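Visitor: Have a peek at work-v8.cif (mmCIF, C-alpha atoms).
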```cif
data_target
loop_
_atom_site.label_atom_id
_atom_site.label_comp_id
_atom_site.auth_asym_id
_atom_site.auth_seq_id
_atom_site.Cartn_x
_atom_site.Cartn_y
_atom_site.Cartn_z
CA HIS A 1 -182.96 64.75 0.13
CA SER A 2 -181.72 61.29 1.18
CA GLN A 3 -180.08 60.90 -2.23
CA ARG A 4 -178.29 64.22 -1.79
CA GLN A 5 -177.06 63.13 1.63
CA THR A 6 -175.83 59.81 0.25
CA THR A 7 -174.06 61.52 -2.64
CA ARG A 8 -172.53 64.10 -0.34
CA GLY A 9 -171.37 61.39 2.06
CA ALA A 10 -169.83 59.41 -0.78
CA PHE A 11 -168.05 62.52 -2.02
CA CYS A 12 -166.69 63.30 1.44
CA TYR A 13 -165.54 59.71 1.85
CA PHE A 14 -163.79 59.81 -1.54
CA PHE A 15 -162.25 63.21 -0.81
CA TYR A 16 -161.02 62.17 2.63
CA PHE A 17 -159.34 58.99 1.45
CA SER A 18 -157.95 60.30 -1.85
CA VAL A 19 -156.36 63.56 -0.67
CA ARG A 20 -153.68 63.77 2.00
CA TRP A 21 -152.88 66.96 3.87
CA VAL A 22 -149.97 67.77 6.14
CA LEU A 23 -150.42 70.72 8.49
CA GLN A 24 -147.26 72.10 10.06
CA LYS A 25 -146.26 75.34 11.64
CA TYR A 26 -144.36 77.43 9.11
CA ILE A 27 -140.86 78.40 10.26
CA PRO A 28 -140.54 82.01 9.09
CA ARG A 29 -136.90 82.56 10.07
CA PRO A 30 -135.00 79.37 9.26
CA LEU A 31 -131.29 79.12 9.81
CA LEU A 32 -129.56 79.48 6.43
CA ILE A 33 -126.33 78.07 5.11
CA GLU A 34 -124.60 80.03 2.36
CA GLY A 35 -127.83 82.04 2.13
CA ARG A 36 -129.95 78.99 1.35
CA LYS A 37 -132.62 77.13 3.27
CA PHE A 38 -131.81 73.60 4.41
CA HIS A 39 -133.09 70.65 6.40
CA LEU A 40 -131.25 67.88 8.22
CA ARG A 41 -131.78 64.21 7.33
CA ALA A 42 -130.88 61.71 10.05
CA TYR A 43 -130.90 57.96 9.63
CA VAL A 44 -132.29 56.02 12.59
CA LEU A 45 -132.09 52.28 13.22
CA CYS A 46 -134.72 50.53 15.36
CA VAL A 47 -133.91 47.05 16.63
CA GLY A 48 -136.20 44.62 18.43
CA ALA A 49 -138.76 45.90 20.90
CA ILE A 50 -137.08 48.30 21.22
CA SER A 51 -133.69 49.97 20.90
CA VAL A 52 -133.30 53.15 18.86
CA TYR A 53 -129.96 54.18 17.36
CA PHE A 54 -129.18 57.55 15.78
CA PHE A 55 -126.56 57.65 13.00
CA GLU A 56 -124.23 60.54 13.80
CA GLN A 57 -123.34 61.49 10.21
CA VAL A 58 -126.31 63.76 9.51
CA LEU A 59 -127.00 65.05 6.01
CA LEU A 60 -127.50 68.79 5.49
CA LEU A 61 -129.67 69.20 2.38
CA CYS A 62 -129.95 72.67 0.86
CA ALA A 63 -132.29 74.34 -1.58
CA GLN A 64 -130.75 75.08 -4.96
CA ARG A 65 -131.39 78.83 -4.87
CA PRO A 66 -130.97 81.63 -2.27
CA TYR A 67 -133.78 82.11 0.23
CA GLN A 68 -133.52 85.81 1.02
CA GLY A 69 -135.85 87.98 -1.05
CA CYS A 70 -137.25 85.07 -3.05
CA ALA A 71 -140.89 84.80 -4.03
CA LEU A 72 -143.09 82.27 -2.25
CA SER A 73 -143.76 80.70 -5.65
CA ASP A 74 -140.06 79.91 -6.18
CA ARG A 75 -140.07 76.23 -5.24
CA CYS A 76 -136.33 75.94 -5.82
CA ALA A 77 -135.64 78.40 -3.00
CA HIS A 78 -138.11 76.88 -0.54
CA LEU A 79 -137.93 73.14 -1.15
CA THR A 80 -134.83 71.43 0.22
CA ASN A 81 -135.62 67.99 -1.15
CA THR A 82 -132.69 66.74 -3.21
CA ALA A 83 -135.07 65.01 -5.62
CA VAL A 84 -136.50 68.42 -6.53
CA ALA A 85 -133.17 70.22 -6.81
CA SER A 86 -131.57 67.47 -8.93
CA GLU A 87 -134.14 68.05 -11.68
CA LEU A 88 -132.78 71.54 -12.35
CA ASP A 89 -130.31 72.18 -15.14
CA ASP A 90 -128.04 74.17 -12.79
CA PHE A 91 -128.07 71.58 -10.00
CA GLU A 92 -124.75 71.36 -8.13
CA GLU A 93 -124.60 68.43 -5.75
CA SER A 94 -121.66 69.86 -3.77
CA LYS A 95 -123.76 72.93 -2.88
CA CYS A 96 -126.95 71.04 -2.08
CA VAL A 97 -125.74 67.90 -0.28
CA LYS A 98 -123.59 68.58 2.76
CA LEU A 99 -123.03 67.25 6.28
CA LEU A 100 -124.01 68.71 9.63
CA ASP A 101 -120.43 68.13 10.72
CA PRO A 102 -118.41 70.07 9.58
CA ASP A 103 -120.52 72.31 7.31
CA LEU A 104 -122.87 73.81 9.92
CA GLU A 105 -119.95 74.53 12.25
CA HIS A 106 -118.10 76.27 9.41
CA GLU A 107 -121.17 78.36 8.54
CA LEU A 108 -121.65 79.56 12.12
CA ASP A 109 -117.98 80.35 12.62
CA THR A 110 -117.39 82.19 9.34
CA ARG A 111 -120.64 83.69 8.06
CA GLN A 112 -123.04 83.89 11.01
CA PRO A 113 -121.04 83.97 14.27
CA LYS A 114 -123.76 86.00 16.04
CA LEU A 115 -126.25 83.16 15.61
CA ALA A 116 -123.94 80.83 17.53
CA ARG A 117 -124.91 82.92 20.59
CA GLY A 118 -121.42 82.93 22.04
CA LEU A 119 -121.12 79.15 21.89
CA GLY A 120 -118.87 79.01 18.85
CA GLY A 121 -119.66 77.00 15.75
CA LYS A 122 -118.54 73.64 17.10
CA ALA A 123 -120.53 73.89 20.34
CA ALA A 124 -123.60 75.27 18.53
CA ALA A 125 -123.56 72.40 16.02
CA HIS A 126 -123.13 69.96 18.92
CA LYS A 127 -126.19 71.49 20.61
CA VAL A 128 -128.25 70.97 17.45
CA LEU A 129 -127.15 67.33 17.26
CA GLY A 130 -127.97 66.80 20.94
CA ASP A 131 -131.44 68.25 20.46
CA MET A 132 -131.99 65.86 17.54
CA HIS A 133 -131.05 62.97 19.83
CA THR A 134 -133.55 64.15 22.45
CA ILE A 135 -136.39 64.64 19.97
CA THR A 136 -135.78 61.21 18.44
CA ALA A 137 -135.92 59.53 21.85
CA GLU A 138 -139.10 61.42 22.78
CA LEU A 139 -140.69 60.49 19.45
CA PHE A 140 -140.29 56.73 19.90
CA ARG A 141 -141.07 56.86 23.62
CA ALA A 142 -144.41 58.46 22.75
CA TYR A 143 -145.40 55.39 20.71
CA ARG A 144 -145.08 52.94 23.57
CA GLY A 145 -148.45 51.18 23.83
CA GLU A 146 -149.74 52.64 20.56
CA PHE A 147 -150.13 49.18 19.02
CA ALA A 148 -152.51 50.21 16.23
CA ALA A 149 -149.94 52.65 14.85
CA PHE A 150 -146.54 51.14 15.62
CA GLN A 151 -145.35 47.95 17.23
CA PRO A 152 -141.77 46.80 16.77
CA LEU A 153 -141.06 43.08 16.74
CA PRO A 154 -138.28 41.08 18.39
CA ASN A 155 -135.42 39.92 16.15
CA CYS A 156 -136.35 42.52 13.51
CA PHE A 157 -134.86 45.86 12.56
CA GLU A 158 -135.97 48.84 10.48
CA HIS A 159 -134.48 52.08 9.18
CA PHE A 160 -136.20 55.45 9.36
CA GLY A 161 -135.28 58.80 7.84
CA LEU A 162 -136.01 61.70 10.20
CA ASP A 163 -136.08 65.22 8.78
CA PHE A 164 -135.40 68.24 10.98
CA MET A 165 -135.16 72.00 10.50
CA VAL A 166 -133.29 74.58 12.56
CA ASP A 167 -134.40 78.19 13.03
CA GLU A 168 -132.27 81.28 13.71
CA SER A 169 -132.47 80.73 17.47
CA LEU A 170 -130.95 77.26 16.93
CA ARG A 171 -134.21 75.60 17.93
CA VAL A 172 -134.62 72.21 16.27
CA TRP A 173 -137.95 71.21 14.72
CA LEU A 174 -139.01 67.72 13.64
CA LEU A 175 -140.55 67.88 10.16
CA GLU A 176 -141.39 64.28 9.32
CA VAL A 177 -140.50 60.61 9.77
CA ASN A 178 -139.97 58.41 6.71
CA PRO A 179 -140.14 54.61 6.98
CA GLY A 180 -138.00 52.96 4.32
CA PRO A 181 -136.00 56.16 3.64
CA ASP A 182 -134.67 57.03 0.20
CA PHE A 183 -130.88 56.69 0.43
CA LYS A 184 -130.48 58.56 -2.86
CA GLN A 185 -130.78 61.80 -0.86
CA THR A 186 -127.10 61.29 -0.05
CA GLY A 187 -126.02 61.73 -3.64
CA ARG A 188 -122.89 60.29 -5.22
CA ARG A 189 -120.34 62.45 -3.40
CA LEU A 190 -121.39 61.16 0.04
CA GLU A 191 -122.25 57.56 -0.86
CA SER A 192 -119.81 56.43 1.81
CA VAL A 193 -122.19 57.78 4.48
CA VAL A 194 -124.90 55.28 3.53
CA ALA A 195 -122.36 52.48 3.04
CA THR A 196 -120.97 53.02 6.54
CA MET A 197 -124.45 53.29 8.03
CA LEU A 198 -125.51 49.98 6.49
CA ASP A 199 -122.33 48.23 7.60
CA ASP A 200 -122.80 49.53 11.14
CA SER A 201 -126.46 48.47 11.05
CA VAL A 202 -125.34 44.88 10.47
CA THR A 203 -122.93 45.14 13.39
CA VAL A 204 -125.54 46.57 15.76
CA ALA A 205 -128.66 44.67 14.70
CA LEU A 206 -127.19 41.29 13.77
CA ASP A 207 -123.72 40.67 15.13
CA ARG A 208 -124.26 42.18 18.59
CA HIS A 209 -128.03 42.15 19.09
CA LEU A 210 -128.48 38.52 18.14
CA ALA A 211 -125.44 37.51 20.19
CA LEU A 212 -126.98 39.10 23.29
CA GLN A 213 -130.35 37.53 22.48
CA ALA A 214 -128.73 34.11 22.28
CA GLN A 215 -126.95 34.69 25.56
CA ALA A 216 -130.20 35.77 27.25
CA SER A 217 -132.04 32.67 26.03
CA SER A 218 -129.29 30.30 27.16
CA PRO A 219 -130.29 27.83 29.90
CA GLU A 220 -127.27 29.03 31.85
CA THR A 221 -128.63 32.59 32.05
CA ARG A 222 -130.04 33.33 35.47
CA PRO A 223 -133.48 34.98 35.68
CA HIS A 224 -132.08 38.13 37.28
CA GLU A 225 -129.63 38.53 34.37
CA ALA A 226 -132.39 38.92 31.78
CA VAL A 227 -133.16 42.48 30.66
CA SER A 228 -136.17 43.65 32.63
CA SER A 229 -135.79 47.43 32.99
CA GLN A 230 -135.18 50.47 30.83
CA ALA A 231 -131.81 51.07 32.50
CA GLU A 232 -130.63 47.56 31.62
CA ALA A 233 -131.99 47.85 28.09
CA MET A 234 -130.18 51.16 27.60
CA ALA A 235 -126.93 49.74 28.91
CA GLN A 236 -127.10 46.90 26.39
CA ALA A 237 -128.01 49.31 23.58
CA LYS A 238 -124.95 51.43 24.36
CA TYR A 239 -122.80 48.31 24.27
CA ARG A 240 -124.15 47.36 20.82
CA ALA A 241 -123.46 50.86 19.44
CA ALA A 242 -119.93 51.16 20.83
CA GLY A 243 -117.33 51.71 18.12
CA THR A 244 -119.92 52.27 15.38
CA GLY A 245 -121.35 55.44 13.86
CA PHE A 246 -124.57 54.98 15.82
CA LYS A 247 -125.51 56.44 19.17
CA ALA A 248 -128.08 54.68 21.34
CA VAL A 249 -130.71 57.32 22.16
CA TYR A 250 -133.58 55.21 23.53
CA SER A 251 -134.11 51.66 24.68
CA ASP A 252 -136.81 49.98 26.73
CA VAL A 253 -138.62 46.67 27.16
CA TRP A 254 -141.90 47.02 25.27
CA PRO A 255 -144.79 44.57 25.49
CA LEU A 256 -145.07 42.44 22.36
CA ASN A 257 -148.85 42.21 22.14
CA SER A 258 -151.66 44.70 22.47
CA PRO A 259 -153.94 44.48 25.50
CA GLY A 260 -156.87 42.13 24.99
CA GLY A 261 -155.40 39.69 22.53
CA SER A 262 -152.39 37.82 21.31
CA GLY A 263 -150.69 39.55 18.41
CA GLY A 264 -153.33 42.28 18.16
CA GLY A 265 -152.15 45.40 16.41
CA VAL A 266 -149.00 43.84 14.97
CA LEU A 267 -148.29 45.37 11.57
#
```
Hey, can you dump this file as structure tokens for me?
Guide:
Amino acid sequence: HSQRQTTRGAFCYFFYFSVRWVLQKYIPRPLLIEGRKFHLRAYVLCVGAISVYFFEQVLLLCAQRPYQGCALSDRCAHLTNTAVASELDDFEESKCVKLLDPDLEHELDTRQPKLARGLGGKAAAHKVLGDMHTITAELFRAYRGEFAAFQPLPNCFEHFGLDFMVDESLRVWLLEVNPGPDFKQTGRRLESVVATMLDDSVTVALDRHLALQAQASSPETRPHEAVSSQAEAMAQAKYRAAGTGFKAVYSDVWPLNSPGGSGGGVL
């Protein structure tokens, strides 16, 4: 009996650590573009501890085949991952890789004006973008103090790829967060989006962030001038993002170490 328990425990341990499951609510009535399912890929820049910047040029990535009336087994109609679609012989990048602005606005104005709910395509697309900003800010705010899972470091920056979906009521859903995102999702036609994002990342994270850090550490800086509140941190984040393609969506002064020890929980 003890041997059976040991074997069963070993099997459960192996099964738990070798198989990964993701459980999400299925969105039965997704918003479609040109009759096809899509998701939105946003690039997010995190600087220091912590300021979060949302890149405003959002990718709109479509499935290769129409969604309406398709079988559940038709992966090419359900999966909106560009890596999947690009493996098909009939893959057309121009149909699968688009931008939130202007393509969603055009869809709502021309093909599905009723779904814009009287807002018009431009205002409806702006609402979707605003909801993505809000969700992104709430996401990172929720990790404050969660040192075992996520702790940003001063004088460091990192990119994330956030994937969202929109349903027919224009409600925005967060699907997943990808550290070290795959920039190939952009494809060749929109390579300039990634190039601009990387250039602006250097401006925000290095040119401006480090300049403010140096100013704050200067002996001439008075104690009351140092950033000590969320409002001050947000004001500086907005300054860093000004004139770039990024929008500052969240900034705060996070503790650098976990409670109970120096450097505990730093990844």
Visitor: Please provide as number ranges by chain all residues within 7 Å of A:Val249, with the sequence filter that same-chain residues fewer than 2 positions apart are discarded (counting only C-alpha atoms).
Guide: A: 52-54, 133, 137, 247
Visitor: Please dump the current selection as a compact mmCIF listing (two decimals), in the coordinates of the input; keep C-alpha atoms.
Guide:
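Once written, part23.txt looks like this:
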```
# COMPACT_ATOMS: atom_id res chain seq x y z
CA VAL A 52 -133.30 53.15 18.86
CA TYR A 53 -129.96 54.18 17.36
CA PHE A 54 -129.18 57.55 15.78
CA HIS A 133 -131.05 62.97 19.83
CA ALA A 137 -135.92 59.53 21.85
CA LYS A 247 -125.51 56.44 19.17
```
Visitor: Where does the PyMOL selection byres ((chain A and resi 240) around 7) land in this file, that is, which residues does it pick, as JSON, numbers by chain?
Guide: {"A": [204, 208, 209, 236, 237, 238, 239, 241, 242]}
Visitor: Could you spell out the hits of the PyMOL selection byres ((chain A and resi 185) around 9) on the shown file, as an MDAnalysis selection string?
Guide: chainID A and resid 41 59 61 81:83 97 181:184 186:187
Visitor: Closest to A:Thr196 among A:Phe164, A:Thr244, A:Met132, A:Pro28, using only C-alpha atoms?
Guide: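 Going through A:Phe164, A:Thr244, A:Met132, A:Pro28 one by one, the smallest distance to A:Thr196 is for A:Thr244.
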Visitor: Could you list the residues chosen by the PyMOL selection byres ((chain A and resi 65) around 8) in this structure as a list in words?
Guide: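 With the shown file as input, the PyMOL selection byres ((chain A and resi 65) around 8) matches Arg36, Ala63, Gln64, Pro66, Tyr67, Cys76 and Ala77 of chain A.
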Visitor: Just the number, please: distance in Å from atom CA of A:Asp167 to atom CA of A:Tyr26, one decimal.
Guide: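 Spanning atom CA of A:Asp167 to atom CA of A:Tyr26 is a straight-line distance of 10.7 Å.
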Visitor: Please list as a ChimeraX atom specification every residue within 12 Å of A:Met197, counting only C-alpha atoms and excluding residues in the same chain fewer than 2 positions away.
Guide: /A:42-45,53-58,159,183,186,190-195,199-205,241,244-247
Visitor: For each of A:Ala125, A:Val253, A:Ala85, A:Ser73, take the minimum atom-to-atom distance to A:Val166, counting only C-alpha atoms, then give the residue where this is smallest.
Guide: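 Looking only at the distances to A:Val166, the closest residue turns out to be A:Ala125.
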